[in-house]
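Asks: Below are the structure tokens for one structure; questions will follow.
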There are 2 protein chains.
Amino acid sequence: MFKDITPLLADPHAFKTVIDTFTSRYADQNIDAIVGIDARGFIFGGALAYRLGLPFIPVRKFGKLPYKTHHVEYDLEYSTDKIELHIDALSPNHSVVIIDDLLATGGTAAATCELIEKTGASIAECVFVIELAFLEGREKLKGRKAFSLVQY
Amino acid sequence: MFKDITPLLADPHAFKTVIDTFTSRYADQNIDAIVGIDARGFIFGGALAYRLGLPFIPVRKFGKLPYKTHHVEYDLEYSTDKIELHIDALSPNHSVVIIDDLLATGGTAAATCELIEKTGASIAECVFVIELAFLEGREKLKGRKAFSLVQY
């Protein structure tokens with residue numbers, strides 16, 4: 001059930017189409033920051049933040065951020081994982097877009113939403129390049145807005 | 001000896017200055033692809049590849065790429081690490097720029113150079129936002145070209 005995104009990244013026209021589509025979607029939405037999920041979300045998130053002229057905020061796997069953090073632990077199929085965010089990364093008046101390449105079971109995306117909400121910031125939308133719709137990851141996002149370019 | 005780059009990422013003007021400086025440097029150099037190092041190199045590399053209209057090629061920690069790979073193992077202070085690249089990512093006629101946020105001891109950058117050279121592609125330059133010059137990472141690059149915006 002793995003979707004390989006490296007051919008998309010290797011095609012500048014396709015990559016540009018993804019970034020420009022997301023740019024149009026969020027340009028007039030008063031977004032304050034782009035939150036990228038470690039690690040493939042950084043590729044799309046870096047380009048999107050650059051294009052929109054917005055701060056880029058990394059959500060990282062545990063142990064990779066140098067300052068004080070909020071963290072959230074969540075279940076994987078046979079284990080748990082933990083992600084974190086600098087405590088000073090966002091403020092309660094901020095509205096953010098969370099970006100990742102893929103929405104699968106939704107575990108990481110849901111944990112990232114929780115992490116953002118710990119800062120008091122609000123989530124305008126979670127955006128994905130690809131959504132594996134049959135895995136019903138959207139359910140885990142519990143009513144938070146989500147958008148994907150391609151659904152399987 | 002940790003340099004926290006999150007304030008730079010949170011400042012759209014500073015982030016844009018970095019990306020635009022690198023863009024000017026490589027725009028007329030007949031570069032065929034931007035190679036980003038997992039994970040913070042993805043943030044800068046995604047934006048740079050977008051801006052230059054070039055393919056983005058991820059070099060990843062071992063076990064994260066879905067197709068056949070080249071890999072290189074290298075020494076850390078008290079252990080070893082392994083990185084990999086899809087075998088079809090580059091061709092011998094390609095000239096690439098390798099990008100990461102930080103040049104410290106140079107272990108990961110040197111291993112990435114080896115990985116690229118396994119494909120037969122050539123390295124136009126390795127580029128970093130920050131260089132911890134006193135760690136002499138450049139020595140490990142053994143004459144391959146390297147450029148950094150800020151040196152400590």
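Going by the structure tokens order, chains are called A, B, ..., each with residues numbered from 1, while ligands are numbered from 1 in the order shown.
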Identify all chain B residues at most 9 Å from chain A by counting only C-alpha atoms; ligands do not count. Present them as a PyMOL selection string.
Replies: chain B and resi 2-4+6-13+15-16+19+33+36+38-58+65-67+86+89
Asks: At a cut-off of 7 Å, using only C-alpha atoms, what residues contact Pro92 in chain A? Leave out same-chain residues fewer than 4 positions from it and give the result as a VMD selection string.
Replies: chain A and resid 119 to 121
Asks: Nearest residue to Glu139 in chain A out of A:Asn93, A:Gln151, A:Thr105, A:Thr23, using only C-alpha atoms?
Replies: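 Among A:Asn93, A:Gln151, A:Thr105, A:Thr23, it is A:Thr105 that comes nearest to Glu139 in chain A.
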Asks: Run DSSP on the backbone of this structure and report the residues of range 33-97 of chain A it assigns to helix (DSSP H, G or I), as a ChimeraX atom specification.
Replies: /A:40-52
Asks: Dump N, CA, C and O atoms for the selected residues as an mmCIF file, in the first residue's frame?
Replies:
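result11.cif, freshly written:
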data_model
loop_
_atom_site.group_PDB
_atom_site.id
_atom_site.type_symbol
_atom_site.label_atom_id
_atom_site.label_comp_id
_atom_site.auth_asym_id
_atom_site.auth_seq_id
_atom_site.Cartn_x
_atom_site.Cartn_y
_atom_site.Cartn_z
ATOM 1 N N ARG A 40 8.694 13.852 4.535
ATOM 2 C CA ARG A 40 8.314 14.199 3.160
ATOM 3 C C ARG A 40 7.434 15.442 3.097
ATOM 4 O O ARG A 40 7.402 16.136 2.080
ATOM 5 N N GLY A 41 6.725 15.745 4.200
ATOM 6 C CA GLY A 41 5.945 16.978 4.247
ATOM 7 C C GLY A 41 6.831 18.211 4.175
ATOM 8 O O GLY A 41 6.363 19.300 3.824
ATOM 9 N N PHE A 42 8.120 18.033 4.506
ATOM 10 C CA PHE A 42 9.065 19.167 4.449
ATOM 11 C C PHE A 42 9.329 19.599 2.999
ATOM 12 O O PHE A 42 9.573 20.769 2.734
ATOM 13 N N ILE A 43 9.321 18.628 2.079
ATOM 14 C CA ILE A 43 9.630 18.930 0.678
ATOM 15 C C ILE A 43 8.544 19.843 0.098
ATOM 16 O O ILE A 43 8.831 20.888 -0.483
ATOM 17 N N PHE A 44 7.281 19.427 0.304
ATOM 18 C CA PHE A 44 6.156 20.219 -0.207
ATOM 19 C C PHE A 44 5.958 21.480 0.642
ATOM 20 O O PHE A 44 5.665 22.556 0.124
ATOM 21 N N GLY A 45 6.117 21.335 1.949
ATOM 22 C CA GLY A 45 5.888 22.461 2.860
ATOM 23 C C GLY A 45 6.897 23.581 2.687
ATOM 24 O O GLY A 45 6.537 24.762 2.757
ATOM 25 N N GLY A 46 8.151 23.236 2.450
ATOM 26 C CA GLY A 46 9.182 24.249 2.232
ATOM 27 C C GLY A 46 8.875 25.079 0.996
ATOM 28 O O GLY A 46 8.942 26.314 1.014
ATOM 29 N N ALA A 47 8.486 24.382 -0.082
ATOM 30 C CA ALA A 47 8.161 25.076 -1.332
ATOM 31 C C ALA A 47 6.900 25.925 -1.175
ATOM 32 O O ALA A 47 6.835 27.057 -1.661
ATOM 33 N N LEU A 48 5.900 25.388 -0.473
ATOM 34 C CA LEU A 48 4.633 26.122 -0.307
ATOM 35 C C LEU A 48 4.824 27.367 0.565
ATOM 36 O O LEU A 48 4.306 28.438 0.251
ATOM 37 N N ALA A 49 5.580 27.217 1.655
ATOM 38 C CA ALA A 49 5.847 28.374 2.535
ATOM 39 C C ALA A 49 6.615 29.447 1.771
ATOM 40 O O ALA A 49 6.314 30.646 1.875
ATOM 41 N N TYR A 50 7.600 29.032 0.992
ATOM 42 C CA TYR A 50 8.355 29.970 0.162
ATOM 43 C C TYR A 50 7.411 30.713 -0.780
ATOM 44 O O TYR A 50 7.432 31.936 -0.883
ATOM 45 N N ARG A 51 6.562 29.960 -1.464
ATOM 46 C CA ARG A 51 5.683 30.530 -2.492
ATOM 47 C C ARG A 51 4.663 31.484 -1.884
ATOM 48 O O ARG A 51 4.333 32.511 -2.488
ATOM 49 N N LEU A 52 4.162 31.150 -0.694
ATOM 50 C CA LEU A 52 3.158 32.001 -0.042
ATOM 51 C C LEU A 52 3.788 33.104 0.805
ATOM 52 O O LEU A 52 3.086 33.983 1.296
#
Asks: Give me, as a list in words, all polymer residues having an atom no more than 12 Å from Glu114 in chain B, counting only C-alpha atoms and skipping those fewer than 4 positions away in the same chain.
Replies: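 Counting only C-alpha atoms, the residues come to Val59, His70, His71, Val72, Glu73, Tyr74, Lys82, Ile83, Glu84, Leu85, Ile98, Gly107, Thr108, Ala109, Ala110, Lys118, Thr119, Gly120, Ala121, Ser122, Ile123, Lys140, Leu141, Lys142 and Arg144 of chain B.
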Asks: Take the residues from that selection and write them out as a tab-separated table (two decimals), in the first residue's frame, keeping N, CA and C atoms.
Replies:
chain	number	residue	atom	x	y	z
B	59	VAL	N	17.68	12.13	-0.78
B	59	VAL	CA	18.56	11.13	-0.18
B	59	VAL	C	18.00	10.86	1.20
B	70	HIS	N	20.83	2.54	-4.19
B	70	HIS	CA	22.24	2.54	-3.80
B	70	HIS	C	22.28	2.95	-2.33
B	71	HIS	N	23.25	2.43	-1.56
B	71	HIS	CA	23.37	2.95	-0.19
B	71	HIS	C	24.84	3.12	0.18
B	72	VAL	N	25.07	3.97	1.15
B	72	VAL	CA	26.41	4.21	1.68
B	72	VAL	C	26.30	4.22	3.20
B	73	GLU	N	27.23	3.51	3.85
B	73	GLU	CA	27.27	3.49	5.31
B	73	GLU	C	28.44	4.38	5.74
B	74	TYR	N	28.28	5.12	6.83
B	74	TYR	CA	29.36	6.01	7.25
B	74	TYR	C	29.39	6.11	8.77
B	82	LYS	N	23.39	4.95	7.77
B	82	LYS	CA	23.31	4.48	6.40
B	82	LYS	C	22.27	5.33	5.67
B	83	ILE	N	22.63	5.80	4.48
B	83	ILE	CA	21.69	6.58	3.68
B	83	ILE	C	21.56	5.94	2.31
B	84	GLU	N	20.44	6.28	1.64
B	84	GLU	CA	20.24	5.65	0.34
B	84	GLU	C	19.54	6.55	-0.67
B	85	LEU	N	19.55	6.09	-1.91
B	85	LEU	CA	19.08	6.85	-3.07
B	85	LEU	C	18.53	5.84	-4.07
B	98	ILE	N	23.86	19.39	-4.24
B	98	ILE	CA	23.44	18.73	-3.01
B	98	ILE	C	23.18	19.81	-1.97
B	107	GLY	N	30.22	14.28	7.70
B	107	GLY	CA	30.03	12.85	7.47
B	107	GLY	C	28.87	12.55	6.53
B	108	THR	N	27.72	13.16	6.80
B	108	THR	CA	26.55	12.90	5.96
B	108	THR	C	26.73	13.48	4.57
B	109	ALA	N	27.32	14.67	4.48
B	109	ALA	CA	27.54	15.30	3.17
B	109	ALA	C	28.49	14.47	2.33
B	110	ALA	N	29.58	13.98	2.94
B	110	ALA	CA	30.55	13.16	2.19
B	110	ALA	C	29.90	11.86	1.73
B	118	LYS	N	28.05	7.13	-7.18
B	118	LYS	CA	27.72	5.75	-7.57
B	118	LYS	C	26.83	5.70	-8.80
B	119	THR	N	26.02	6.75	-9.02
B	119	THR	CA	25.13	6.77	-10.18
B	119	THR	C	25.87	7.25	-11.43
B	120	GLY	N	27.09	7.76	-11.24
B	120	GLY	CA	27.84	8.32	-12.36
B	120	GLY	C	27.59	9.82	-12.56
B	121	ALA	N	26.60	10.36	-11.86
B	121	ALA	CA	26.31	11.80	-11.98
B	121	ALA	C	27.44	12.60	-11.35
B	122	SER	N	27.57	13.87	-11.76
B	122	SER	CA	28.60	14.71	-11.17
B	122	SER	C	27.98	15.75	-10.24
B	123	ILE	N	28.80	16.19	-9.29
B	123	ILE	CA	28.34	17.12	-8.26
B	123	ILE	C	28.88	18.51	-8.61
B	140	LYS	N	36.39	16.64	4.75
B	140	LYS	CA	35.77	15.34	4.42
B	140	LYS	C	35.24	15.32	2.99
B	141	LEU	N	34.98	16.50	2.42
B	141	LEU	CA	34.41	16.54	1.06
B	141	LEU	C	35.49	16.37	-0.01
B	142	LYS	N	36.75	16.34	0.43
B	142	LYS	CA	37.89	15.97	-0.44
B	142	LYS	C	37.90	16.68	-1.79
B	144	ARG	N	35.64	18.32	-3.38
B	144	ARG	CA	34.38	18.65	-4.06
B	144	ARG	C	34.00	20.07	-3.65
